[in-house]
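Structure data (compact mmCIF, C-alpha atoms) from query15.txt:
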```txt
# COMPACT_ATOMS: atom_id res chain seq x y z
CA MET A 1 148.07 152.43 79.00
CA ASN A 2 146.59 153.48 82.32
CA LYS A 3 143.19 153.71 80.71
CA PHE A 4 143.42 150.09 79.50
CA GLN A 5 144.26 148.86 83.01
CA ASP A 6 141.20 150.76 84.28
CA TYR A 7 138.73 148.60 82.49
CA ALA A 8 140.67 145.41 82.32
CA HIS A 9 139.10 144.32 85.61
CA LEU A 10 135.65 145.14 84.26
CA ILE A 11 136.26 142.88 81.28
CA ARG A 12 137.29 140.10 83.64
CA VAL A 13 134.05 140.50 85.64
CA ALA A 14 132.03 140.63 82.44
CA ALA A 15 133.76 137.50 81.21
CA VAL A 16 132.99 135.67 84.44
CA PHE A 17 129.32 136.68 84.18
CA LEU A 18 129.19 135.73 80.54
CA LEU A 19 130.73 132.32 81.27
CA GLY A 20 128.30 131.85 84.12
CA ALA A 21 125.37 132.72 81.87
CA ILE A 22 126.59 130.37 79.15
CA ALA A 23 127.10 127.62 81.70
CA PHE A 24 123.59 128.20 83.07
CA VAL A 25 121.99 128.05 79.65
CA ALA A 26 124.04 124.99 78.67
CA VAL A 27 123.31 123.07 81.87
CA ARG A 28 119.62 124.03 81.70
CA ALA A 29 119.38 122.85 78.10
CA ALA A 30 121.12 119.60 79.04
CA ILE A 31 118.99 118.70 82.05
CA LEU A 32 115.59 120.09 81.05
CA PRO A 33 113.40 117.30 79.66
CA LYS A 34 112.65 117.78 75.97
CA SER A 35 108.88 117.79 76.42
CA PHE A 36 108.91 120.33 79.25
CA GLY A 37 106.54 123.19 78.47
CA GLN A 38 104.81 121.28 75.68
CA TYR A 39 101.35 121.72 77.23
CA GLY A 40 102.17 123.95 80.21
CA HIS A 41 104.71 124.30 82.98
CA PHE A 42 105.31 120.58 83.29
CA ARG A 43 106.86 117.66 81.43
CA GLY A 44 104.59 116.88 78.49
CA ASP A 45 105.63 113.23 78.47
CA ALA A 46 104.19 112.85 81.97
CA LEU A 47 100.73 113.15 80.42
CA LYS A 48 101.54 110.43 77.92
CA GLU A 49 102.84 108.17 80.69
CA ILE A 50 99.68 108.65 82.73
CA MET A 51 97.45 108.18 79.67
CA SER A 52 99.21 104.99 78.64
CA ARG A 53 98.13 103.14 81.79
CA PRO A 54 96.35 99.91 80.79
CA LEU A 55 92.61 99.65 81.39
CA GLY A 56 91.27 97.42 84.13
CA TYR A 57 87.57 97.99 83.52
CA ALA A 58 86.45 97.68 79.91
CA GLY A 59 83.26 99.70 80.32
CA HIS A 60 79.72 98.39 79.88
CA GLN A 61 79.52 99.43 76.19
CA GLU A 62 82.28 96.93 75.48
CA CYS A 63 80.43 94.12 77.32
CA GLU A 64 77.11 94.85 75.66
CA GLY A 65 78.60 94.41 72.21
CA CYS A 66 79.11 90.65 72.74
CA HIS A 67 76.42 89.95 75.36
CA PRO A 68 73.23 91.54 74.01
CA ASP A 69 71.17 88.69 75.50
CA VAL A 70 72.13 89.72 79.04
CA LEU A 71 71.48 93.35 78.22
CA GLU A 72 68.00 92.49 77.01
CA VAL A 73 67.15 90.92 80.36
CA LYS A 74 68.87 93.64 82.33
CA VAL A 75 67.25 96.72 80.78
CA LYS A 76 63.78 95.51 81.82
CA GLY A 77 64.66 95.11 85.48
CA VAL A 78 65.71 97.23 88.43
CA HIS A 79 69.37 96.50 87.74
CA ALA A 80 69.18 98.27 84.37
CA HIS A 81 71.62 100.94 85.46
CA VAL A 82 74.01 98.66 87.33
CA ASN A 83 76.95 98.20 84.99
CA CYS A 84 78.32 94.72 84.26
CA GLU A 85 81.65 95.20 85.98
CA SER A 86 80.03 96.40 89.20
CA CYS A 87 79.40 92.73 89.97
CA HIS A 88 81.66 90.85 87.54
CA GLY A 89 84.81 92.82 88.33
CA PRO A 90 87.43 94.37 86.04
CA LEU A 91 87.37 92.54 82.70
CA ALA A 92 89.19 94.68 80.15
CA LYS A 93 91.55 91.74 79.48
CA HIS A 94 88.58 89.47 78.80
CA ALA A 95 87.12 92.06 76.42
CA GLU A 96 90.46 92.22 74.63
CA ASP A 97 90.73 88.49 74.13
CA PRO A 98 87.77 86.43 75.41
CA THR A 99 89.56 83.15 74.73
CA VAL A 100 92.42 83.81 77.12
CA VAL A 101 90.77 85.42 80.13
CA LYS A 102 87.59 83.73 81.32
CA PRO A 103 85.64 85.65 83.94
CA VAL A 104 84.85 83.88 87.19
CA LEU A 105 81.22 83.82 88.31
CA PRO A 106 80.75 86.18 91.24
CA ASN A 107 80.12 84.63 94.64
CA VAL A 108 76.45 85.34 95.31
CA ALA A 109 76.86 84.70 99.05
CA THR A 110 78.95 87.85 99.45
CA LEU A 111 78.08 89.86 96.36
CA CYS A 112 74.43 90.85 96.83
CA VAL A 113 74.73 91.83 100.49
CA ARG A 114 77.44 94.32 99.61
CA CYS A 115 74.65 96.58 98.40
CA HIS A 116 71.51 95.09 99.94
CA SER A 117 72.43 94.41 103.57
CA GLU A 118 70.49 96.55 106.00
CA ASN A 119 72.10 99.79 107.10
CA VAL A 120 70.53 102.86 108.69
CA ALA A 121 72.78 105.16 106.67
CA LYS A 122 71.38 103.94 103.35
CA PRO A 123 68.80 106.08 101.58
CA GLY A 124 65.27 105.17 102.67
CA GLY A 125 63.90 103.83 99.39
CA PHE A 126 66.79 101.49 98.71
CA PRO A 127 65.87 97.79 98.99
CA GLN A 128 67.67 96.41 102.04
CA VAL A 129 67.30 93.10 103.82
CA ASP A 130 68.50 91.38 106.92
CA GLN A 131 70.07 88.42 105.16
CA LYS A 132 69.37 85.83 107.89
CA GLU A 133 65.77 86.89 108.36
CA HIS A 134 65.05 87.33 104.65
CA ALA A 135 66.59 84.22 103.14
CA GLN A 136 67.17 81.82 106.05
CA GLY A 137 70.59 80.94 104.75
CA GLN A 138 69.55 80.39 101.15
CA LEU A 139 71.52 82.01 98.38
CA CYS A 140 69.93 85.08 96.77
CA ASN A 141 69.84 83.53 93.31
CA THR A 142 67.70 80.67 94.59
CA CYS A 143 64.74 83.01 94.12
CA HIS A 144 66.11 86.07 92.30
CA GLN A 145 67.58 86.33 88.83
CA PRO A 146 70.56 88.65 89.41
CA HIS A 147 70.28 90.44 86.06
CA SER A 148 66.65 91.35 86.75
CA PRO A 149 65.95 90.61 90.42
CA GLY A 150 62.49 92.11 90.80
CA PHE A 151 59.66 89.53 90.85
CA ASP A 152 57.12 91.72 89.00
CA ALA A 153 59.51 92.16 86.08
CA GLY A 154 59.49 88.42 85.52
CA GLY A 155 62.79 88.02 87.29
CA LYS A 156 61.69 85.15 89.48
CA LYS A 157 63.44 81.93 88.71
CA MET O 1 120.45 128.93 38.84
CA SER O 2 121.75 132.19 40.09
CA LEU O 3 120.26 134.18 42.92
CA ASN O 4 120.69 137.82 43.53
CA ARG O 5 121.09 139.30 47.00
CA ARG O 6 117.41 140.22 47.30
CA GLN O 7 116.22 136.68 46.52
CA ILE O 8 118.64 135.18 49.04
CA LEU O 9 117.43 137.56 51.74
CA LEU O 10 113.86 136.55 51.03
CA LEU O 11 114.67 132.84 51.06
CA LEU O 12 116.60 132.87 54.34
CA PRO O 13 113.63 133.25 56.70
CA ALA O 14 111.72 130.58 54.82
CA ALA O 15 114.71 128.27 55.11
CA ALA O 16 114.90 129.04 58.84
CA VAL O 17 111.25 128.12 59.34
CA ALA O 18 111.71 124.92 57.34
CA TRP O 19 114.79 124.04 59.41
CA GLU O 20 112.75 124.48 62.60
CA PHE O 21 110.39 121.78 61.36
CA VAL O 22 113.29 119.51 60.50
CA LEU O 23 114.69 119.95 64.01
CA ALA O 24 111.31 119.39 65.65
CA GLY O 25 110.85 116.13 63.74
CA THR O 26 107.48 114.87 62.61
CA PRO O 27 104.75 115.79 65.07
CA ASP O 28 103.27 113.00 67.21
CA GLU O 29 100.37 111.18 65.76
CA ALA O 30 97.52 113.47 66.70
CA PRO O 31 95.30 111.68 69.20
CA ASN O 32 91.54 112.11 68.91
CA TYR O 33 91.47 113.64 72.34
CA ASN O 34 91.46 117.43 72.48
CA ALA O 35 92.09 118.49 76.07
CA THR O 36 90.86 122.06 75.60
CA ALA O 37 87.41 120.81 74.58
CA HIS O 38 86.75 119.30 78.04
CA TRP O 39 86.44 120.48 81.62
CA TRP O 40 86.12 117.55 83.99
CA GLY O 41 84.29 117.40 87.27
CA MET O 42 82.07 114.92 89.04
CA LEU O 43 78.63 114.82 90.52
CA LEU O 44 78.32 112.96 93.83
CA ASP O 45 74.77 112.36 94.92
CA ILE O 46 74.67 111.71 98.66
CA THR O 47 70.97 110.90 98.44
CA LYS O 48 71.88 107.89 96.26
CA CYS O 49 75.07 106.60 97.92
CA ILE O 50 74.53 103.24 99.65
CA GLY O 51 78.07 102.86 100.99
CA CYS O 52 78.75 99.59 99.15
CA GLY O 53 82.40 100.48 98.57
CA SER O 54 82.37 99.37 94.93
CA CYS O 55 84.04 102.63 93.93
CA VAL O 56 86.86 102.14 96.42
CA GLN O 57 87.49 98.60 95.18
CA ALA O 58 87.30 99.63 91.54
CA CYS O 59 89.75 102.46 92.09
CA ALA O 60 92.21 100.11 93.77
CA ASN O 61 91.84 97.58 90.93
CA GLU O 62 92.16 100.11 88.16
CA ASN O 63 95.03 102.14 89.59
CA ASP O 64 96.97 99.66 91.75
CA VAL O 65 96.30 101.65 94.90
CA PRO O 66 98.20 99.91 97.73
CA ASP O 67 96.22 98.40 100.61
CA GLY O 68 95.38 100.86 103.35
CA TYR O 69 95.75 103.87 101.05
CA PHE O 70 92.93 105.51 99.15
CA ARG O 71 92.48 107.71 96.13
CA THR O 72 88.78 107.61 96.87
CA TRP O 73 86.98 106.49 99.99
CA VAL O 74 83.54 106.57 101.58
CA GLU O 75 82.71 108.08 104.97
CA ARG O 76 79.64 107.35 107.07
CA TYR O 77 78.23 110.27 109.00
CA HIS O 78 76.04 110.19 112.04
CA VAL O 79 74.62 113.56 113.05
CA ASP O 80 72.21 113.85 115.95
CA ASP O 81 69.99 116.83 116.59
CA TRP O 82 72.05 118.14 119.49
CA HIS O 83 75.49 117.88 117.92
CA ILE O 84 75.17 119.22 114.41
CA ASP O 85 78.72 120.57 114.53
CA ASN O 86 80.18 117.34 115.88
CA PRO O 87 79.20 114.50 113.60
CA VAL O 88 80.42 110.98 114.31
CA VAL O 89 82.32 109.81 111.23
CA ASP O 90 83.65 106.36 110.47
CA SER O 91 85.21 104.78 107.42
CA PRO O 92 86.43 101.23 108.11
CA ASP O 93 89.16 100.48 105.54
CA GLY O 94 87.93 103.44 103.52
CA GLY O 95 84.57 101.72 103.14
CA LYS O 96 86.20 99.25 100.76
CA GLU O 97 84.24 96.29 102.07
CA GLY O 98 81.10 98.25 102.83
CA PHE O 99 79.88 99.24 106.27
CA PRO O 100 78.59 97.07 109.12
CA GLN O 101 75.15 97.97 110.44
CA SER O 102 75.42 101.04 112.59
CA ASP O 103 74.51 101.24 116.29
CA TRP O 104 73.09 104.70 115.66
CA LYS O 105 69.39 104.41 115.11
CA ASP O 106 68.48 108.01 115.92
CA GLY O 107 69.56 111.20 114.20
CA LYS O 108 70.71 111.46 110.64
CA ASN O 109 72.89 108.86 108.95
CA PHE O 110 74.34 109.04 105.47
CA PHE O 111 77.36 108.19 103.33
CA VAL O 112 79.76 110.67 101.72
CA PRO O 113 82.06 109.45 98.95
CA LYS O 114 85.25 111.47 98.71
CA LEU O 115 88.08 111.89 96.24
CA CYS O 116 90.37 114.57 94.85
CA ASN O 117 88.31 117.68 94.08
CA HIS O 118 90.48 118.60 91.08
CA CYS O 119 90.39 122.19 92.26
CA VAL O 120 90.83 125.04 89.82
CA ASP O 121 92.92 126.98 92.36
CA SER O 122 94.47 123.97 94.02
CA PRO O 123 96.61 124.53 97.11
CA CYS O 124 98.56 121.33 96.38
CA THR O 125 100.00 122.47 93.04
CA GLN O 126 100.91 125.87 94.46
CA VAL O 127 103.23 124.46 97.12
CA CYS O 128 105.14 121.98 94.94
CA PRO O 129 108.75 123.18 94.93
CA VAL O 130 109.69 121.42 91.70
CA GLY O 131 106.53 121.78 89.64
CA ALA O 132 105.89 118.04 89.68
CA THR O 133 102.16 118.46 90.13
CA PHE O 134 100.20 120.42 87.60
CA HIS O 135 96.88 121.25 85.99
CA THR O 136 95.98 119.87 82.59
CA ALA O 137 94.08 121.93 80.05
CA ASP O 138 90.94 119.89 80.79
CA GLY O 139 90.94 120.68 84.51
CA VAL O 140 92.59 117.61 86.03
CA VAL O 141 95.30 117.83 88.70
CA LEU O 142 98.04 115.27 88.04
CA ILE O 143 101.46 114.30 89.35
CA ASP O 144 104.59 113.71 87.28
CA TYR O 145 105.91 110.70 89.19
CA ASN O 146 109.35 111.03 87.66
CA TYR O 147 109.64 114.65 88.77
CA CYS O 148 108.23 114.31 92.27
CA LEU O 149 110.88 114.50 95.00
CA GLY O 150 108.62 113.07 97.69
CA CYS O 151 108.82 116.13 99.95
CA ARG O 152 105.17 115.70 100.99
CA TYR O 153 104.34 119.44 100.96
CA CYS O 154 101.33 118.83 98.73
CA ILE O 155 100.01 116.13 101.06
CA GLN O 156 99.92 118.68 103.88
CA ALA O 157 98.55 121.41 101.65
CA CYS O 158 95.47 119.53 100.45
CA PRO O 159 92.61 120.66 102.70
CA TYR O 160 90.59 117.58 101.73
CA GLY O 161 93.22 114.99 102.66
CA CYS O 162 93.12 113.55 99.18
CA ARG O 163 96.83 112.90 98.71
CA PHE O 164 99.04 110.24 100.23
CA PHE O 165 102.64 109.13 100.10
CA HIS O 166 103.07 106.02 97.98
CA PRO O 167 104.78 103.44 100.21
CA THR O 168 106.93 101.83 97.50
CA ARG O 169 107.24 104.45 94.81
CA HIS O 170 108.09 107.13 97.41
CA THR O 171 106.28 109.92 95.62
CA ALA O 172 103.07 111.77 96.31
CA GLU O 173 100.02 110.00 94.91
CA LYS O 174 96.43 110.97 94.24
CA CYS O 175 93.35 110.49 92.09
CA THR O 176 94.06 111.04 88.40
CA LEU O 177 90.34 111.11 87.61
CA CYS O 178 91.27 107.98 85.62
CA TYR O 179 92.98 110.19 83.08
CA HIS O 180 93.90 107.10 81.05
CA ARG O 181 90.19 106.30 80.77
CA ILE O 182 88.51 109.67 80.29
CA THR O 183 90.91 110.56 77.49
CA LYS O 184 89.73 107.41 75.69
CA GLY O 185 86.06 108.34 76.01
CA LEU O 186 85.36 106.05 78.98
CA THR O 187 84.14 107.09 82.38
CA THR O 188 86.25 106.70 85.54
CA ALA O 189 86.46 103.28 87.19
CA CYS O 190 84.51 104.51 90.24
CA CYS O 191 81.69 105.94 88.12
CA GLU O 192 81.65 102.81 85.94
CA VAL O 193 80.91 100.51 88.86
CA CYS O 194 78.72 102.76 91.02
CA PRO O 195 75.47 100.73 91.11
CA THR O 196 73.14 103.59 92.03
CA GLY O 197 74.56 106.40 89.90
CA ALA O 198 75.68 108.27 93.00
CA ARG O 199 78.86 109.16 91.13
CA GLN O 200 78.73 110.60 87.66
CA LEU O 201 81.64 111.96 85.72
CA ALA O 202 80.77 115.36 84.28
CA ASP O 203 82.23 117.28 81.38
CA LEU O 204 81.28 120.88 82.04
CA LYS O 205 82.37 122.00 78.59
CA ASN O 206 80.03 119.53 76.91
CA PRO O 207 76.66 121.29 76.50
CA ASN O 208 74.88 117.92 76.19
CA ASP O 209 76.22 116.57 79.49
CA PRO O 210 73.32 115.85 81.91
CA ILE O 211 75.27 117.72 84.61
CA HIS O 212 73.95 121.05 83.31
CA ALA O 213 70.30 120.08 83.74
CA PHE O 214 71.11 118.64 87.16
CA LEU O 215 72.91 121.76 88.39
CA LYS O 216 69.99 123.94 87.28
CA THR O 217 67.41 121.98 89.24
CA HIS O 218 69.26 120.93 92.40
CA SER O 219 70.94 122.60 95.36
CA VAL O 220 74.49 121.48 94.83
CA GLN O 221 77.50 122.30 97.00
CA VAL O 222 81.24 121.63 96.99
CA LEU O 223 83.26 120.64 100.05
CA LYS O 224 84.74 123.50 102.11
CA PRO O 225 83.53 126.27 99.81
CA HIS O 226 84.96 128.92 102.19
CA LEU O 227 88.46 127.87 101.13
CA ALA O 228 87.75 129.04 97.56
CA THR O 229 89.77 126.22 96.05
CA GLY O 230 87.48 126.00 93.05
CA ALA O 231 86.58 122.39 93.79
CA LYS O 232 84.87 120.58 90.92
CA MET O 233 83.32 117.69 92.83
CA PHE O 234 79.67 118.71 93.16
CA TYR O 235 77.72 117.16 96.01
CA ASN O 236 73.96 116.87 95.91
CA GLY O 237 72.27 116.68 99.30
CA LEU O 238 75.42 117.68 101.16
CA ASP O 239 74.77 118.17 104.86
CA GLY O 240 76.32 121.17 106.63
CA SER O 241 78.08 118.85 109.08
CA VAL O 242 80.26 117.27 106.38
CA ARG O 243 83.89 118.31 106.68
```

Give the structure from the file, written as structure tokens.
Amino acid sequence: MNKFQDYAHLIRVAAVFLLGAIAFVAVRAAILPKSFGQYGHFRGDALKEIMSRPLGYAGHQECEGCHPDVLEVKVKGVHAHVNCESCHGPLAKHAEDPTVVKPVLPNVATLCVRCHSENVAKPGGFPQVDQKEHAQGQLCNTCHQPHSPGFDAGGKK
Amino acid sequence: MSLNRRQILLLLPAAAVAWEFVLAGTPDEAPNYNATAHWWGMLLDITKCIGCGSCVQACANENDVPDGYFRTWVERYHVDDWHIDNPVVDSPDGGKEGFPQSDWKDGKNFFVPKLCNHCVDSPCTQVCPVGATFHTADGVVLIDYNYCLGCRYCIQACPYGCRFFHPTRHTAEKCTLCYHRITKGLTTACCEVCPTGARQLADLKNPNDPIHAFLKTHSVQVLKPHLATGAKMFYNGLDGSVR
């Protein structure tokens, strides 16, 4: 009888620990997101959420599929490596359904100078102009064809 | 059909394995993207950057970056011969609308585009107390916006200042390397619009990526190499004065 009382308290402690462990496992299972640990020590669904973000920029390959005529002009000129959406803006929605979203023509008065205004920090060989001195207030596309702006490449209007 | 004890013992593990599959449900439709086949970085060519700010605008458009906050931005450096260690740096509105002509005519002037370096040993992921920011198998550092508490530890930990606190979502925020684009085979928004090719997304695990030829023939550096963060944004023509 005495012997039984000796380890009765140990059983109680063990029971408390066991209950605690069960509670821990149960609570952990309940609150841990299902996809946790799917790809690493993070919630796997987070990747899916980030990947499911809609596109803003369609990518030039998408544009070139429907506008090969522009591409033909562009590849011959100095703007060959300037992608469509650099100037025309994000147009993934237009690429998805061209009938619904119509792109707006870029404003030449502010567009060209974004790259070509004079700045000492620009690399030396990059074509830069002082807009007032160079064009006397005329718009760039009065003389230059934006898709192939160099005169020697037949870009002059 | 009658089974003896031996047959039942043999069938039980098979049944257990089958039951596992039943519990797991049908696996997700396998996407074409295999993360372990890629290792993303970027090449930033300072000798080509013209400071037009197209990348900053494109990033804001693509990722809904709030005004006044930046996942990528452009800095203009002015270094004169006598103050190599103390460059004058400006970045009006992150360079989003380009840069006005500088008053500095002497010395050295150049632009430095910056963004998250997607470090291999990133200080920001190490300090997160809840594991809300993590590395993907293809070398991109991302944030689980539903897990983030908004404690801002990571923002302080980033030695490059690439993280910010989202003003309305109240979580940490940073460049995702356009993870929604690169996993679909597209390039990032900033690289898509860069008119001079100063930014080029690079897949270091792709043997045909032009990055390999470039790295072999150019002197390329990462930012703050002494911190050994394993940064994967490679700068060509990086001046020693750049912080």

### Message
Neighbouring residues of region 126-137 of chain O were defined as those with any atom within 7 Å, considering only C-alpha atoms; residues of the same chain fewer than 6 positions away were excluded. Please report them as a PyMOL selection string.
### Response
(chain A and resi 42) or (chain O and resi 35-36+143-144+147-148+153-154)

Find the residues in chain O near chain A: any atom within 9 Å counts, using all atoms listed in the file. Write them as a PDB file with C-alpha atoms, keeping the file's coordinate frame.
```pdb
ATOM      1  CA  ILE O  46      74.670 111.710  98.660  1.00  0.00           C
ATOM      2  CA  THR O  47      70.970 110.900  98.440  1.00  0.00           C
ATOM      3  CA  LYS O  48      71.880 107.890  96.260  1.00  0.00           C
ATOM      4  CA  CYS O  49      75.070 106.600  97.920  1.00  0.00           C
ATOM      5  CA  ILE O  50      74.530 103.240  99.650  1.00  0.00           C
ATOM      6  CA  GLY O  51      78.070 102.860 100.990  1.00  0.00           C
ATOM      7  CA  CYS O  52      78.750  99.590  99.150  1.00  0.00           C
ATOM      8  CA  GLY O  53      82.400 100.480  98.570  1.00  0.00           C
ATOM      9  CA  SER O  54      82.370  99.370  94.930  1.00  0.00           C
ATOM     10  CA  CYS O  55      84.040 102.630  93.930  1.00  0.00           C
ATOM     11  CA  ALA O  58      87.300  99.630  91.540  1.00  0.00           C
ATOM     12  CA  ASN O  61      91.840  97.580  90.930  1.00  0.00           C
ATOM     13  CA  GLU O  62      92.160 100.110  88.160  1.00  0.00           C
ATOM     14  CA  ASN O  63      95.030 102.140  89.590  1.00  0.00           C
ATOM     15  CA  ARG O  76      79.640 107.350 107.070  1.00  0.00           C
ATOM     16  CA  TYR O  77      78.230 110.270 109.000  1.00  0.00           C
ATOM     17  CA  HIS O  78      76.040 110.190 112.040  1.00  0.00           C
ATOM     18  CA  GLU O  97      84.240  96.290 102.070  1.00  0.00           C
ATOM     19  CA  GLY O  98      81.100  98.250 102.830  1.00  0.00           C
ATOM     20  CA  PHE O  99      79.880  99.240 106.270  1.00  0.00           C
ATOM     21  CA  PRO O 100      78.590  97.070 109.120  1.00  0.00           C
ATOM     22  CA  GLN O 101      75.150  97.970 110.440  1.00  0.00           C
ATOM     23  CA  SER O 102      75.420 101.040 112.590  1.00  0.00           C
ATOM     24  CA  ASP O 103      74.510 101.240 116.290  1.00  0.00           C
ATOM     25  CA  TRP O 104      73.090 104.700 115.660  1.00  0.00           C
ATOM     26  CA  LYS O 105      69.390 104.410 115.110  1.00  0.00           C
ATOM     27  CA  LYS O 108      70.710 111.460 110.640  1.00  0.00           C
ATOM     28  CA  ASN O 109      72.890 108.860 108.950  1.00  0.00           C
ATOM     29  CA  PHE O 110      74.340 109.040 105.470  1.00  0.00           C
ATOM     30  CA  PHE O 111      77.360 108.190 103.330  1.00  0.00           C
ATOM     31  CA  GLY O 131     106.530 121.780  89.640  1.00  0.00           C
ATOM     32  CA  ALA O 132     105.890 118.040  89.680  1.00  0.00           C
ATOM     33  CA  THR O 133     102.160 118.460  90.130  1.00  0.00           C
ATOM     34  CA  PHE O 134     100.200 120.420  87.600  1.00  0.00           C
ATOM     35  CA  HIS O 135      96.880 121.250  85.990  1.00  0.00           C
ATOM     36  CA  THR O 136      95.980 119.870  82.590  1.00  0.00           C
ATOM     37  CA  ALA O 137      94.080 121.930  80.050  1.00  0.00           C
ATOM     38  CA  LEU O 142      98.040 115.270  88.040  1.00  0.00           C
ATOM     39  CA  ILE O 143     101.460 114.300  89.350  1.00  0.00           C
ATOM     40  CA  ASP O 144     104.590 113.710  87.280  1.00  0.00           C
ATOM     41  CA  TYR O 145     105.910 110.700  89.190  1.00  0.00           C
ATOM     42  CA  ASN O 146     109.350 111.030  87.660  1.00  0.00           C
ATOM     43  CA  TYR O 147     109.640 114.650  88.770  1.00  0.00           C
ATOM     44  CA  THR O 176      94.060 111.040  88.400  1.00  0.00           C
ATOM     45  CA  CYS O 178      91.270 107.980  85.620  1.00  0.00           C
ATOM     46  CA  TYR O 179      92.980 110.190  83.080  1.00  0.00           C
ATOM     47  CA  HIS O 180      93.900 107.100  81.050  1.00  0.00           C
ATOM     48  CA  ARG O 181      90.190 106.300  80.770  1.00  0.00           C
ATOM     49  CA  THR O 183      90.910 110.560  77.490  1.00  0.00           C
ATOM     50  CA  LYS O 184      89.730 107.410  75.690  1.00  0.00           C
ATOM     51  CA  LEU O 186      85.360 106.050  78.980  1.00  0.00           C
ATOM     52  CA  THR O 187      84.140 107.090  82.380  1.00  0.00           C
ATOM     53  CA  ALA O 189      86.460 103.280  87.190  1.00  0.00           C
ATOM     54  CA  GLU O 192      81.650 102.810  85.940  1.00  0.00           C
ATOM     55  CA  VAL O 193      80.910 100.510  88.860  1.00  0.00           C
ATOM     56  CA  CYS O 194      78.720 102.760  91.020  1.00  0.00           C
ATOM     57  CA  PRO O 195      75.470 100.730  91.110  1.00  0.00           C
ATOM     58  CA  THR O 196      73.140 103.590  92.030  1.00  0.00           C
ATOM     59  CA  GLY O 197      74.560 106.400  89.900  1.00  0.00           C
TER      60      GLY O 197
END
```

### Query
O:His83, O:Arg152, O:Arg199, O:His170: which is nearest Leu43 (chain O), counting only C-alpha atoms?
O:Arg199

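Picture a line from CA of Cys116 (chain O) to CA of Ser241 (chain O); it runs 19.3 Å.
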
### Query
Please, what distance in Å, to one decimal, runs between CA of Val108 (chain A) and CA of Gln145 (chain A)?
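CA of Val108 (chain A) sits 11.0 Å away from CA of Gln145 (chain A).
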
### Å distance separating CA of Pro123 (chain O) from CA of Gly139 (chain O), one decimal place
14.3 Å

Gly240 (chain O) environment, 12 Å, only C-alpha atoms, sequence neighbours closer than 4 positions dropped, as a PDB file with C-alpha atoms, in the coordinates of the input:
```
ATOM      1  CA  TYR O  77      78.230 110.270 109.000  1.00  0.00           C
ATOM      2  CA  VAL O  79      74.620 113.560 113.050  1.00  0.00           C
ATOM      3  CA  HIS O  83      75.490 117.880 117.920  1.00  0.00           C
ATOM      4  CA  ILE O  84      75.170 119.220 114.410  1.00  0.00           C
ATOM      5  CA  ASP O  85      78.720 120.570 114.530  1.00  0.00           C
ATOM      6  CA  ASN O  86      80.180 117.340 115.880  1.00  0.00           C
ATOM      7  CA  PRO O  87      79.200 114.500 113.600  1.00  0.00           C
ATOM      8  CA  LYS O 108      70.710 111.460 110.640  1.00  0.00           C
ATOM      9  CA  VAL O 220      74.490 121.480  94.830  1.00  0.00           C
ATOM     10  CA  GLN O 221      77.500 122.300  97.000  1.00  0.00           C
ATOM     11  CA  VAL O 222      81.240 121.630  96.990  1.00  0.00           C
ATOM     12  CA  LEU O 223      83.260 120.640 100.050  1.00  0.00           C
ATOM     13  CA  LYS O 224      84.740 123.500 102.110  1.00  0.00           C
ATOM     14  CA  PRO O 225      83.530 126.270  99.810  1.00  0.00           C
ATOM     15  CA  TYR O 235      77.720 117.160  96.010  1.00  0.00           C
ATOM     16  CA  ASN O 236      73.960 116.870  95.910  1.00  0.00           C
TER      17      ASN O 236
END
```

Could you give me, as a PDB file with C-alpha atoms, keeping the file's coordinate frame, the residues within 10 Å of Gly161 (chain O), counting only C-alpha atoms and dropping anything in the same chain fewer than 4 positions from it?
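See result39.pdb below for the written result:
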```
ATOM      1  CA  ARG O  71      92.480 107.710  96.130  1.00  0.00           C
ATOM      2  CA  LYS O 114      85.250 111.470  98.710  1.00  0.00           C
ATOM      3  CA  LEU O 115      88.080 111.890  96.240  1.00  0.00           C
ATOM      4  CA  CYS O 116      90.370 114.570  94.850  1.00  0.00           C
ATOM      5  CA  CYS O 154     101.330 118.830  98.730  1.00  0.00           C
ATOM      6  CA  ILE O 155     100.010 116.130 101.060  1.00  0.00           C
ATOM      7  CA  GLN O 156      99.920 118.680 103.880  1.00  0.00           C
ATOM      8  CA  ALA O 157      98.550 121.410 101.650  1.00  0.00           C
ATOM      9  CA  LYS O 174      96.430 110.970  94.240  1.00  0.00           C
TER      10      LYS O 174
END
```

Quick one: region 53-70 of chain A from the block, C-alpha atoms, as a PDB file, in the first residue's frame.
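As written to disk, decode.pdb reads:
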```
ATOM      1  CA  ARG A  53      -0.430  38.095 -58.994  1.00  0.00           C
ATOM      2  CA  PRO A  54      -1.822  39.386 -62.311  1.00  0.00           C
ATOM      3  CA  LEU A  55       0.628  40.639 -64.931  1.00  0.00           C
ATOM      4  CA  GLY A  56       0.896  44.332 -65.679  1.00  0.00           C
ATOM      5  CA  TYR A  57       3.478  44.129 -68.452  1.00  0.00           C
ATOM      6  CA  ALA A  58       2.767  41.558 -71.141  1.00  0.00           C
ATOM      7  CA  GLY A  59       6.348  41.288 -72.371  1.00  0.00           C
ATOM      8  CA  HIS A  60       7.599  42.251 -75.834  1.00  0.00           C
ATOM      9  CA  GLN A  61       7.191  38.712 -77.243  1.00  0.00           C
ATOM     10  CA  GLU A  62       3.456  39.074 -76.705  1.00  0.00           C
ATOM     11  CA  CYS A  63       3.350  42.444 -78.526  1.00  0.00           C
ATOM     12  CA  GLU A  64       5.442  41.240 -81.443  1.00  0.00           C
ATOM     13  CA  GLY A  65       3.008  38.430 -82.174  1.00  0.00           C
ATOM     14  CA  CYS A  66       0.292  40.880 -83.307  1.00  0.00           C
ATOM     15  CA  HIS A  67       2.438  43.840 -84.398  1.00  0.00           C
ATOM     16  CA  PRO A  68       5.128  42.391 -86.664  1.00  0.00           C
ATOM     17  CA  ASP A  69       5.025  45.533 -88.828  1.00  0.00           C
ATOM     18  CA  VAL A  70       6.301  47.676 -85.956  1.00  0.00           C
TER      19      VAL A  70
END
```
